[in-house]
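What follows is the content of protein_3.cif (mmCIF, C-alpha atoms and all ligand atoms).
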data_protein
#
loop_
_atom_site.label_atom_id
_atom_site.label_comp_id
_atom_site.auth_asym_id
_atom_site.auth_seq_id
_atom_site.Cartn_x
_atom_site.Cartn_y
_atom_site.Cartn_z
CA MET A 163 -4.18 -288.84 51.15
CA LYS A 164 -6.05 -285.65 50.61
CA ILE A 165 -4.58 -282.50 49.13
CA ALA A 166 -6.40 -279.17 49.28
CA ILE A 167 -5.73 -277.29 46.05
CA LEU A 168 -6.11 -273.52 46.36
CA PRO A 169 -5.19 -271.88 43.02
CA GLY A 170 -6.06 -268.28 43.99
CA ASP A 171 -5.66 -265.30 41.68
CA GLY A 172 -3.66 -264.01 38.74
CA ILE A 173 -1.39 -266.69 37.35
CA GLY A 174 -2.30 -268.97 40.30
CA PRO A 175 -4.80 -271.16 38.42
CA GLU A 176 -2.49 -271.62 35.40
CA ILE A 177 0.56 -272.67 37.36
CA VAL A 178 -1.33 -274.84 39.84
CA ALA A 179 -2.92 -276.68 36.90
CA GLN A 180 0.59 -277.73 35.81
CA ALA A 181 1.50 -279.02 39.26
CA VAL A 182 -1.77 -280.96 39.40
CA LYS A 183 -0.96 -282.48 36.02
CA VAL A 184 2.42 -283.59 37.35
CA LEU A 185 0.90 -285.06 40.55
CA LYS A 186 -1.61 -287.00 38.47
CA ALA A 187 1.18 -288.43 36.35
CA LEU A 188 2.82 -290.09 39.37
CA ASP A 189 1.88 -293.66 40.19
CA GLU A 190 0.17 -292.62 43.40
CA HIS A 191 -3.40 -291.81 44.15
CA PHE A 192 -4.10 -288.49 45.79
CA GLU A 193 -7.54 -287.14 46.50
CA MET A 194 -7.48 -283.54 45.32
CA GLU A 195 -10.13 -281.04 46.23
CA PHE A 196 -10.16 -277.48 44.86
CA ALA A 197 -11.40 -274.35 46.67
CA PRO A 198 -11.30 -270.60 45.97
CA VAL A 199 -8.98 -268.35 47.95
CA GLY A 200 -7.84 -264.71 47.87
CA GLY A 201 -9.64 -262.51 45.37
CA ALA A 202 -11.32 -265.64 44.01
CA GLY A 203 -12.61 -266.41 47.52
CA TYR A 204 -13.89 -262.87 47.86
CA GLU A 205 -15.71 -263.13 44.53
CA ALA A 206 -17.19 -266.51 45.45
CA SER A 207 -18.37 -265.76 48.96
CA GLY A 208 -17.38 -262.27 50.07
CA HIS A 209 -14.27 -263.25 52.03
CA PRO A 210 -10.68 -263.99 50.91
CA LEU A 211 -10.60 -267.09 53.12
CA PRO A 212 -14.10 -268.59 52.88
CA ASP A 213 -15.11 -270.90 55.75
CA ALA A 214 -15.36 -273.89 53.40
CA THR A 215 -11.85 -273.24 52.09
CA LEU A 216 -10.43 -273.01 55.61
CA LYS A 217 -12.23 -276.20 56.62
CA LEU A 218 -10.86 -278.04 53.59
CA ALA A 219 -7.33 -276.84 54.40
CA LEU A 220 -7.70 -277.93 58.03
CA ASP A 221 -8.98 -281.39 57.04
CA ALA A 222 -6.44 -282.07 54.27
CA ASP A 223 -3.04 -283.71 54.72
CA ALA A 224 -1.39 -280.90 52.78
CA VAL A 225 -2.28 -277.70 50.95
CA LEU A 226 -1.02 -276.71 47.50
CA PHE A 227 -1.41 -272.98 47.10
CA GLY A 228 -1.00 -270.84 43.98
CA ALA A 229 -0.88 -267.11 44.65
CA VAL A 230 -3.27 -264.38 45.74
CA GLY A 231 -3.71 -260.71 44.96
CA ASP A 232 -4.76 -258.35 42.21
CA TRP A 233 -4.67 -254.56 41.96
CA LYS A 234 -8.42 -254.51 41.65
CA TYR A 235 -8.71 -255.43 45.34
CA ASP A 236 -6.36 -252.65 46.53
CA THR A 237 -9.24 -250.45 47.62
CA LEU A 238 -10.94 -253.10 49.81
CA ASP A 239 -10.74 -252.97 53.61
CA ARG A 240 -7.57 -254.68 54.85
CA ALA A 241 -9.63 -257.52 56.34
CA LEU A 242 -11.05 -258.36 52.91
CA ARG A 243 -7.88 -258.09 50.86
CA PRO A 244 -6.53 -261.23 49.20
CA GLU A 245 -3.33 -261.23 51.34
CA GLN A 246 -5.48 -261.93 54.39
CA ALA A 247 -6.16 -265.40 52.98
CA ILE A 248 -2.54 -266.50 53.20
CA LEU A 249 -2.01 -264.78 56.55
CA GLY A 250 -5.18 -266.43 57.88
CA LEU A 251 -4.13 -269.88 56.64
CA ARG A 252 -0.69 -269.52 58.22
CA GLN A 253 -2.21 -268.56 61.54
CA GLN A 254 -5.17 -270.97 61.58
CA LEU A 255 -3.06 -273.93 60.50
CA GLY A 256 -0.19 -273.00 62.84
CA LEU A 257 2.32 -272.91 59.97
CA PHE A 258 5.15 -271.32 61.91
CA ALA A 259 8.11 -272.63 59.93
CA ASN A 260 8.61 -271.26 56.44
CA LEU A 261 11.36 -272.89 54.38
CA ARG A 262 12.50 -270.87 51.40
CA PRO A 263 15.35 -272.44 49.46
CA ALA A 264 17.25 -270.24 47.01
CA ILE A 265 19.04 -272.48 44.57
CA LEU A 266 20.74 -271.40 41.38
CA TYR A 267 20.39 -274.11 38.79
CA PRO A 268 23.66 -274.22 36.80
CA GLU A 269 21.66 -274.00 33.55
CA LEU A 270 20.26 -270.64 34.69
CA ALA A 271 23.50 -269.00 35.84
CA GLY A 272 23.06 -266.33 33.17
CA ALA A 273 19.63 -265.34 34.49
CA SER A 274 20.99 -263.70 37.65
CA THR A 275 21.65 -259.96 37.70
CA LEU A 276 24.75 -260.73 39.77
CA LYS A 277 28.07 -261.85 38.31
CA PRO A 278 28.09 -265.61 37.63
CA GLU A 279 31.09 -266.17 39.93
CA VAL A 280 29.20 -264.59 42.84
CA VAL A 281 26.13 -266.81 42.47
CA SER A 282 27.07 -269.97 40.57
CA GLY A 283 26.38 -273.00 42.73
CA LEU A 284 24.31 -270.95 45.17
CA ASP A 285 22.29 -273.14 47.52
CA ILE A 286 20.96 -271.44 50.63
CA LEU A 287 17.93 -272.05 52.78
CA ILE A 288 16.04 -269.29 54.54
CA VAL A 289 14.03 -270.43 57.54
CA ARG A 290 11.51 -267.69 58.26
CA GLU A 291 9.33 -267.66 61.37
CA LEU A 292 5.85 -267.22 59.95
CA THR A 293 3.17 -266.77 62.61
CA GLY A 294 4.63 -264.20 65.02
CA ASP A 295 6.53 -260.92 65.06
CA ILE A 296 5.11 -257.58 63.99
CA TYR A 297 2.92 -259.38 61.42
CA PHE A 298 0.58 -260.71 64.09
CA GLY A 299 1.56 -258.82 67.28
CA LYS A 300 -1.19 -257.05 69.14
CA PRO A 301 -2.11 -254.32 69.88
CA ARG A 302 -2.10 -252.72 66.47
CA GLY A 303 -4.18 -250.15 64.72
CA VAL A 304 -4.67 -246.43 64.35
CA ARG A 305 -5.19 -244.38 67.50
CA ILE A 306 -4.57 -240.97 69.01
CA CYS A 307 -0.86 -240.68 69.74
CA PRO A 308 -0.56 -240.68 73.55
CA ASP A 309 2.82 -238.97 74.03
CA GLY A 310 5.86 -237.34 72.47
CA PRO A 311 6.04 -234.38 70.13
CA PHE A 312 3.12 -235.65 68.05
CA ALA A 313 0.77 -236.32 71.00
CA GLY A 314 -2.85 -235.79 70.09
CA GLN A 315 -2.40 -236.59 66.40
CA GLN A 316 -3.51 -239.84 64.85
CA GLU A 317 -0.81 -242.54 64.65
CA GLY A 318 -0.52 -245.99 63.13
CA PHE A 319 1.13 -248.65 65.31
CA ASP A 320 2.02 -252.35 65.35
CA THR A 321 3.64 -254.53 67.99
CA MET A 322 6.81 -256.53 67.52
CA ARG A 323 7.00 -259.44 69.96
CA TYR A 324 8.33 -262.98 70.23
CA ALA A 325 7.59 -265.41 73.04
CA GLU A 326 10.32 -267.78 74.18
CA GLY A 327 8.53 -270.89 72.90
CA GLU A 328 8.05 -269.28 69.51
CA VAL A 329 11.76 -268.60 69.14
CA ARG A 330 12.71 -272.03 70.47
CA ARG A 331 10.56 -273.98 68.04
CA ILE A 332 11.81 -272.13 64.95
CA ALA A 333 15.37 -272.45 66.28
CA HIS A 334 14.98 -276.25 66.43
CA VAL A 335 13.64 -276.36 62.86
CA ALA A 336 16.60 -274.27 61.66
CA PHE A 337 19.29 -276.21 63.56
CA GLN A 338 17.85 -279.50 62.32
CA ALA A 339 17.76 -278.21 58.74
CA ALA A 340 21.40 -277.13 59.10
CA GLN A 341 22.34 -280.60 60.40
CA LYS A 342 21.10 -282.06 57.10
CA ARG A 343 23.15 -279.54 55.08
CA GLN A 344 26.53 -277.89 55.66
CA LYS A 345 25.93 -277.50 59.41
CA ARG A 346 26.17 -273.71 59.38
CA LEU A 347 23.39 -271.50 60.70
CA THR A 348 23.20 -267.70 60.63
CA SER A 349 20.61 -266.15 62.93
CA VAL A 350 19.60 -262.73 61.63
CA ASP A 351 18.43 -260.16 64.17
CA LYS A 352 18.52 -256.49 65.05
CA ALA A 353 19.75 -257.03 68.59
CA ASN A 354 21.60 -253.72 68.56
CA VAL A 355 18.32 -251.81 68.49
CA LEU A 356 15.33 -254.03 69.28
CA GLU A 357 14.48 -255.72 72.60
CA THR A 358 12.57 -258.41 70.70
CA PHE A 359 15.65 -259.41 68.76
CA GLN A 360 18.07 -259.15 71.68
CA PHE A 361 15.79 -261.73 73.29
CA TRP A 362 15.70 -263.76 70.04
CA LYS A 363 19.50 -263.84 70.01
CA THR A 364 19.66 -265.01 73.65
CA ILE A 365 17.27 -267.89 72.96
CA MET A 366 19.05 -268.89 69.72
CA THR A 367 22.32 -269.04 71.64
CA ASP A 368 20.71 -271.20 74.30
CA VAL A 369 19.14 -273.66 71.81
CA HIS A 370 22.55 -273.92 70.11
CA LYS A 371 23.80 -275.89 73.16
CA GLU A 372 21.65 -278.80 71.93
CA TYR A 373 23.29 -278.72 68.49
CA PRO A 374 27.05 -278.59 69.08
CA ASP A 375 27.68 -280.00 65.59
CA VAL A 376 26.21 -276.87 63.97
CA ALA A 377 28.22 -273.62 63.75
CA LEU A 378 26.00 -270.69 64.73
CA ASP A 379 26.70 -267.07 63.98
CA HIS A 380 24.61 -263.95 64.49
CA MET A 381 24.21 -261.14 61.99
CA TYR A 382 22.30 -257.86 62.05
CA VAL A 383 19.64 -257.73 59.38
CA ASP A 384 21.10 -254.73 57.56
CA ASN A 385 24.46 -256.45 57.30
CA ALA A 386 22.73 -259.70 56.26
CA ALA A 387 21.04 -257.85 53.38
CA MET A 388 24.44 -256.54 52.31
CA GLN A 389 26.19 -259.91 52.63
CA LEU A 390 23.41 -261.60 50.64
CA VAL A 391 24.28 -259.56 47.59
CA ARG A 392 28.03 -259.35 48.29
CA ALA A 393 28.92 -262.98 49.03
CA PRO A 394 25.72 -265.05 49.15
CA LYS A 395 27.52 -268.38 48.94
CA LYS A 396 28.94 -267.80 52.44
CA PHE A 397 25.48 -268.64 53.83
CA ASP A 398 24.13 -272.14 54.38
CA VAL A 399 20.96 -271.84 56.51
CA VAL A 400 19.61 -268.47 57.62
CA VAL A 401 16.99 -268.25 60.39
CA THR A 402 15.10 -265.07 61.13
CA GLY A 403 11.81 -263.53 62.18
CA ASN A 404 8.72 -263.01 60.09
CA MET A 405 9.37 -259.44 58.94
CA PHE A 406 13.10 -259.73 58.24
CA GLY A 407 12.47 -263.10 56.58
CA ASP A 408 9.91 -261.57 54.25
CA ILE A 409 12.44 -259.04 53.02
CA LEU A 410 15.56 -261.20 52.95
CA SER A 411 13.82 -264.06 51.17
CA ASP A 412 12.85 -261.80 48.27
CA ALA A 413 16.43 -260.60 48.02
CA ALA A 414 17.71 -264.19 48.16
CA ALA A 415 15.21 -265.24 45.50
CA MET A 416 16.44 -262.54 43.15
CA LEU A 417 20.03 -263.77 43.47
CA THR A 418 18.97 -266.72 41.39
CA GLY A 419 17.55 -264.36 38.79
CA SER A 420 14.51 -266.51 38.51
CA ILE A 421 11.93 -266.09 41.23
CA GLY A 422 9.77 -268.25 38.95
CA MET A 423 11.88 -271.24 39.98
CA LEU A 424 11.64 -271.10 43.77
CA PRO A 425 9.28 -273.24 45.84
CA SER A 426 8.45 -272.86 49.52
CA ALA A 427 7.03 -274.88 52.36
CA SER A 428 5.21 -273.60 55.45
CA LEU A 429 5.06 -276.26 58.12
CA ASP A 430 3.33 -276.84 61.44
CA ALA A 431 4.74 -278.81 64.38
CA ASN A 432 3.77 -282.13 62.73
CA ASN A 433 5.07 -281.35 59.24
CA LYS A 434 1.63 -280.73 57.87
CA GLY A 435 2.17 -277.96 55.42
CA LEU A 436 1.15 -275.44 52.86
CA TYR A 437 3.25 -275.33 49.70
CA GLU A 438 3.42 -272.36 47.40
CA PRO A 439 5.74 -270.77 44.86
CA SER A 440 7.82 -267.92 46.32
CA HIS A 441 6.56 -265.53 43.68
CA GLY A 442 3.23 -263.72 43.66
CA SER A 443 0.13 -263.67 41.49
CA ALA A 444 1.66 -261.55 38.67
CA PRO A 445 -1.67 -260.16 37.44
CA ASP A 446 0.13 -258.41 34.57
CA ILE A 447 0.81 -261.72 32.82
CA ALA A 448 -2.23 -263.69 34.03
CA GLY A 449 -4.14 -265.54 31.34
CA LYS A 450 -1.37 -265.15 28.78
CA GLY A 451 -0.06 -268.68 29.17
CA ILE A 452 3.51 -267.51 29.72
CA ALA A 453 3.93 -267.87 33.50
CA ASN A 454 6.67 -270.20 34.73
CA PRO A 455 5.03 -273.19 36.47
CA LEU A 456 8.29 -274.68 37.78
CA ALA A 457 8.20 -273.05 41.24
CA THR A 458 4.74 -274.53 41.80
CA ILE A 459 5.78 -277.92 40.44
CA LEU A 460 8.81 -277.85 42.76
CA SER A 461 6.49 -276.84 45.62
CA ALA A 462 4.49 -279.99 44.93
CA ALA A 463 7.77 -281.92 45.20
CA MET A 464 8.42 -280.32 48.61
CA MET A 465 4.89 -281.34 49.62
CA LEU A 466 5.59 -284.95 48.70
CA ARG A 467 8.82 -284.86 50.68
CA TYR A 468 7.75 -283.10 53.88
CA SER A 469 4.05 -283.78 54.38
CA LEU A 470 3.19 -286.85 52.33
CA LYS A 471 6.44 -288.78 52.97
CA LYS A 472 6.88 -289.72 49.32
CA GLU A 473 10.56 -288.91 49.03
CA ALA A 474 11.12 -290.98 45.88
CA GLN A 475 8.32 -289.17 44.03
CA ALA A 476 9.72 -285.81 45.16
CA ASP A 477 13.12 -286.81 43.76
CA ARG A 478 11.47 -287.82 40.48
CA ILE A 479 9.82 -284.42 40.05
CA GLU A 480 13.02 -282.55 40.87
CA ALA A 481 14.96 -284.69 38.40
CA ALA A 482 12.30 -284.04 35.74
CA VAL A 483 12.61 -280.27 36.27
CA LYS A 484 16.41 -280.48 35.93
CA SER A 485 15.92 -282.49 32.77
CA VAL A 486 13.62 -279.95 31.07
CA LEU A 487 16.12 -277.20 31.93
CA ALA A 488 18.94 -279.29 30.48
CA GLN A 489 16.85 -279.72 27.31
CA GLY A 490 16.93 -275.93 27.00
CA LEU A 491 13.21 -275.35 27.59
CA ARG A 492 12.49 -271.93 29.09
CA THR A 493 9.47 -269.79 29.85
CA PRO A 494 10.05 -266.10 29.02
CA ASP A 495 11.13 -265.13 32.57
CA ILE A 496 14.23 -267.35 32.36
CA ALA A 497 14.78 -267.36 28.59
CA GLU A 498 18.06 -266.51 26.90
CA ALA A 499 18.72 -266.10 23.19
CA SER A 500 19.58 -269.76 22.68
CA SER A 501 16.64 -271.21 24.67
CA ILE A 502 13.69 -273.17 23.35
CA LYS A 503 10.89 -270.83 24.39
CA VAL A 504 7.77 -272.48 25.78
CA GLY A 505 4.56 -271.44 27.51
CA THR A 506 3.08 -272.54 30.82
CA ASP A 507 1.25 -275.59 29.46
CA GLU A 508 4.12 -276.82 27.34
CA MET A 509 6.46 -276.54 30.29
CA GLY A 510 4.06 -278.60 32.43
CA ASP A 511 3.76 -281.20 29.67
CA ALA A 512 7.54 -281.36 29.32
CA VAL A 513 7.93 -282.08 33.04
CA VAL A 514 5.30 -284.84 32.83
CA LYS A 515 7.15 -286.35 29.87
CA ALA A 516 10.48 -286.14 31.70
CA LEU A 517 9.04 -288.10 34.66
CA ALA A 518 8.99 -291.24 32.54
C1 LIG A 601 5.23 -263.59 51.31
C2 LIG A 601 4.31 -262.45 50.94
C3 LIG A 601 3.28 -262.30 52.07
C4 LIG A 601 4.03 -261.93 53.32
C5 LIG A 601 2.14 -261.30 51.77
C6 LIG A 601 1.42 -261.66 50.49
C7 LIG A 601 1.18 -261.20 52.90
O1 LIG A 601 5.03 -261.28 50.72
O2 LIG A 601 4.75 -264.72 51.44
O3 LIG A 601 6.43 -263.34 51.44
O4 LIG A 601 4.30 -260.74 53.57
O5 LIG A 601 4.35 -262.83 54.09
MG MG A 602 7.13 -261.54 50.75
#

Conversion result in structure tokens:
Amino acid sequence: MKIAILPGDGIGPEIVAQAVKVLKALDEHFEMEFAPVGGAGYEASGHPLPDATLKLALDADAVLFGAVGDWKYDTLDRALRPEQAILGLRQQLGLFANLRPAILYPELAGASTLKPEVVSGLDILIVRELTGDIYFGKPRGVRICPDGPFAGQQEGFDTMRYAEGEVRRIAHVAFQAAQKRQKRLTSVDKANVLETFQFWKTIMTDVHKEYPDVALDHMYVDNAAMQLVRAPKKFDVVVTGNMFGDILSDAAAMLTGSIGMLPSASLDANNKGLYEPSHGSAPDIAGKGIANPLATILSAAMMLRYSLKKEAQADRIEAAVKSVLAQGLRTPDIAEASSIKVGTDEMGDAVVKALA
């Protein structure tokens, strides 16, 4: 089995190195091939998603991705900015289903900015559609405004759209995920204002007929944002579009107080996937050896589970992560006064040791 390893920018290389160390410590043989992406891709060959990197990702059985982005690329043309690498991979690989779990580990209950009773035991899953919506809708651009009070001026515009098949396939992923959990699904929309999301709601309701064992409810996105911070434990699985999912998943991640802990999977129709931590490239702490590698290590576990069908190895990694937390080991982002403070490398080593 071949894994494409794309470390990227900022803390990406440091945290991916820990996940690679953990994968190598398993009694399995994986072929791992590295390639530059994001700012590193731009430096290497003038494009954030170099052809060779894309080809490697297309050929591999799974992709382990670090993070992309650095302020120093902020002035580049949009098409050359590091973010285009991840957007391009999602589109080119057809990774339409993004699974973002937000789990509060009991050991980290104090890390949340919310009251412990509001978040303790939190375990929700956000299913974000990842290749449609206003992120990819065409037409888009800057043009001369054709009508209205600002006619004749320049205007920026994007297009929000969802085709029936796009909504149906993410609905199936979400209902099936809910079936494996508490059988509750909340579809988040803005059907009171947007045609796209009135349509989304209609299709979700229709697909629900195939999953009578799952309870479906619908929530407007503004209310969903409020409920996420008011009573997050009321949610089980949340399904939503690309844009709303981007925003809600950051909010959900912060409930756990430790975005450095959260993995994610982006899957195609055959469960081939790209796995990345939910956090970004954190250029402010890059190279300091203090970044939390656990989200990336847990992303590798998701990769073993979903794409490589090595469930037992995935369980082992997750158990090892729980064990290092129980030992009190913490990188600075999740540290409390009583913790044993460790750096990126030491945390990776501790997980390897705990695998045994
Ligand atoms: C995410 C990120 C990306 C997104 C950016 C980096 C393009 O915020 O994965 O949530 O908006 O999807
Ligand atoms: Mg985001």

**Prompt:** What lies within 7 Å of region 274-280 of chain A using only C-alpha atoms, ignoring chain neighbours under 2 positions off, as a ChimeraX atom specification?
**Reply:** /A:271-272,282,393,417-419

If we draw a sphere of 8 Å around (6.8, -262.5, 72.4), which residues have at least one atom in it when counting only C-alpha atoms? Please report them as a ChimeraX atom specification. /A:294-295,322-326,328,358

Point to revise | Atomic distance CA of Val400 (chain A) - CA of Ala386 (chain A), expressed in Å with one decimal | key: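 Value for the CA of Val400 (chain A)-CA of Ala386 (chain A) distance: 9.4 Å.
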
Within 7 Å of ligand LIG 601 (chain A), counting only C-alpha atoms and all ligand atoms, which protein or nucleic acid residues do you find, written as a count of residues only?
6

Smallest atom-to-atom distance to Asp232 (chain A): which of A:Met405, A:Ser461, A:Ser443, A:Val178, using only C-alpha atoms?
->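 When distances to Asp232 (chain A) are compared using only C-alpha atoms, the smallest one comes from A:Ser443.
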
Between chain A and ligand MG 602 (chain A), at 12 Å or less, what are the per-residue closest atom pairs and their distances in Å? Count all atoms listed in the file, order by chain and rising residue number, and return it as CSV.
residue,atom,partner,partner_atom,distance
A:Ala229,CA,A:MG602,MG,11.5
A:Val230,CA,A:MG602,MG,11.9
A:Glu245,CA,A:MG602,MG,10.5
A:Ile248,CA,A:MG602,MG,11.1
A:Leu249,CA,A:MG602,MG,11.3
A:Asn260,CA,A:MG602,MG,11.4
A:Arg262,CA,A:MG602,MG,10.8
A:Arg290,CA,A:MG602,MG,10.6
A:Leu292,CA,A:MG602,MG,10.9
A:Tyr297,CA,A:MG602,MG,11.7
A:Asn404,CA,A:MG602,MG,9.6
A:Met405,CA,A:MG602,MG,8.7
A:Phe406,CA,A:MG602,MG,9.7
A:Gly407,CA,A:MG602,MG,8.1
A:Asp408,CA,A:MG602,MG,4.5
A:Ile409,CA,A:MG602,MG,6.3
A:Leu410,CA,A:MG602,MG,8.7
A:Ser411,CA,A:MG602,MG,7.2
A:Asp412,CA,A:MG602,MG,6.2
A:Ala413,CA,A:MG602,MG,9.7
A:Ala414,CA,A:MG602,MG,11.2
A:Ala415,CA,A:MG602,MG,10.3
A:Ile421,CA,A:MG602,MG,11.6
A:Ser426,CA,A:MG602,MG,11.5
A:Glu438,CA,A:MG602,MG,11.9
A:Pro439,CA,A:MG602,MG,11.0
A:Ser440,CA,A:MG602,MG,7.8
A:His441,CA,A:MG602,MG,8.1
A:Gly442,CA,A:MG602,MG,8.4
A:Ser443,CA,A:MG602,MG,11.8

Adding 6 Å on each side of the box along x, y and z that holds all listed atoms of region 422-429 of chain A, could you give its centre and edge lengths in Å to one decimal, as lines of an AutoDock Vina configuration file?
center_x = 8.5
center_y = -272.3
center_z = 48.5
size_x = 18.8
size_y = 20.0
size_z = 31.2

Here CA of His209 (chain A) and CA of Lys300 (chain A) stand apart by 22.4 Å

Work out how far apart CA of Arg302 (chain A) and CA of Met381 (chain A) are and give it in Å to one decimal.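 Distance reported for this atom pair: 28.0 Å.
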
Practice item. Tell me which of A:Gln316, A:Ser469, A:Asn454, A:Ser485 sits closest to Met163 (chain A), counting only C-alpha atoms. Key: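 Closest to Met163 (chain A), using only C-alpha atoms: A:Ser469.
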
_If we count all atoms listed in the file and set the cut-off at 6 Å, which residues sit around region 366-376 of chain A, ignoring sequence neighbours fewer than 2 positions away in its own chain? Please answer as a ChimeraX atom specification._
/A:345-346,363-364

*List the neighbours of Ile265 (chain A) out to 8 Å using only C-alpha atoms; skip same-chain residues closer than 5 positions along the sequence, and give me the result as JSON, numbers by chain.*
{"A": [283, 284, 285, 286, 418, 424]}

Next item on the list: For each of A:Ala219, A:Val483, A:Leu226, A:Leu242, take the minimum atom-to-atom distance to Tyr204 (chain A), counting all atoms listed in the file, then give the residue where this is smallest.
Entry: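 Distance minimum relative to Tyr204 (chain A) lands on A:Leu242.
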
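Proximity ranking of A:Leu470, A:Glu480, A:Ala453, A:Ala214 relative to Gly505 (chain A) places A:Ala453 first, based on all atoms listed in the file.
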
### Among the residues A:Gly510, A:Pro210, A:Pro455, A:Pro301, the one that comes closest to Met423 (chain A) [using only C-alpha atoms]
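Of all the options, A:Pro455 lies closest to Met423 (chain A).
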
Contact residues around Val383 (chain A) with all atoms listed in the file at 6 Å, ignoring same-chain residues under 3 positions, as a ChimeraX atom specification:
/A:350-352,386

Give me region 333-353 of chain A with N, CA and C atoms filled in, as a tab-separated table (two decimals), in the frame of the given file.
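Here's the written file selection_21.tsv:
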chain	number	residue	atom	x	y	z
A	333	ALA	N	13.93	-272.16	66.15
A	333	ALA	CA	15.37	-272.45	66.28
A	333	ALA	C	15.62	-273.94	66.04
A	334	HIS	N	14.79	-274.80	66.63
A	334	HIS	CA	14.98	-276.25	66.43
A	334	HIS	C	14.83	-276.63	64.96
A	335	VAL	N	13.82	-276.07	64.29
A	335	VAL	CA	13.64	-276.36	62.86
A	335	VAL	C	14.90	-275.96	62.08
A	336	ALA	N	15.44	-274.79	62.41
A	336	ALA	CA	16.60	-274.27	61.66
A	336	ALA	C	17.86	-275.09	61.96
A	337	PHE	N	18.10	-275.41	63.23
A	337	PHE	CA	19.29	-276.21	63.56
A	337	PHE	C	19.19	-277.59	62.91
A	338	GLN	N	17.99	-278.18	62.92
A	338	GLN	CA	17.85	-279.50	62.32
A	338	GLN	C	18.02	-279.46	60.80
A	339	ALA	N	17.54	-278.37	60.19
A	339	ALA	CA	17.76	-278.21	58.74
A	339	ALA	C	19.26	-278.08	58.46
A	340	ALA	N	19.96	-277.33	59.30
A	340	ALA	CA	21.40	-277.13	59.10
A	340	ALA	C	22.15	-278.45	59.26
A	341	GLN	N	21.69	-279.29	60.19
A	341	GLN	CA	22.34	-280.60	60.40
A	341	GLN	C	22.30	-281.45	59.13
A	342	LYS	N	21.23	-281.26	58.33
A	342	LYS	CA	21.10	-282.06	57.10
A	342	LYS	C	21.86	-281.42	55.94
A	343	ARG	N	22.45	-280.23	56.17
A	343	ARG	CA	23.15	-279.54	55.08
A	343	ARG	C	24.62	-279.35	55.47
A	344	GLN	N	25.10	-278.11	55.37
A	344	GLN	CA	26.53	-277.89	55.66
A	344	GLN	C	26.80	-277.57	57.13
A	345	LYS	N	25.77	-277.69	57.96
A	345	LYS	CA	25.93	-277.50	59.41
A	345	LYS	C	26.38	-276.08	59.78
A	346	ARG	N	25.90	-275.11	59.01
A	346	ARG	CA	26.17	-273.71	59.38
A	346	ARG	C	24.86	-272.96	59.43
A	347	LEU	N	24.64	-272.23	60.53
A	347	LEU	CA	23.39	-271.50	60.70
A	347	LEU	C	23.71	-270.05	61.04
A	348	THR	N	23.08	-269.13	60.32
A	348	THR	CA	23.20	-267.70	60.63
A	348	THR	C	21.85	-267.23	61.15
A	349	SER	N	21.84	-266.73	62.37
A	349	SER	CA	20.61	-266.15	62.93
A	349	SER	C	20.64	-264.66	62.69
A	350	VAL	N	19.63	-264.16	62.00
A	350	VAL	CA	19.60	-262.73	61.63
A	350	VAL	C	18.68	-261.99	62.58
A	351	ASP	N	19.21	-260.91	63.17
A	351	ASP	CA	18.43	-260.16	64.17
A	351	ASP	C	18.69	-258.67	64.03
A	352	LYS	N	18.20	-257.92	64.95
A	352	LYS	CA	18.52	-256.49	65.05
A	352	LYS	C	18.68	-256.22	66.55
A	353	ALA	N	19.57	-257.06	67.13
A	353	ALA	CA	19.75	-257.03	68.59
A	353	ALA	C	20.37	-255.74	69.08
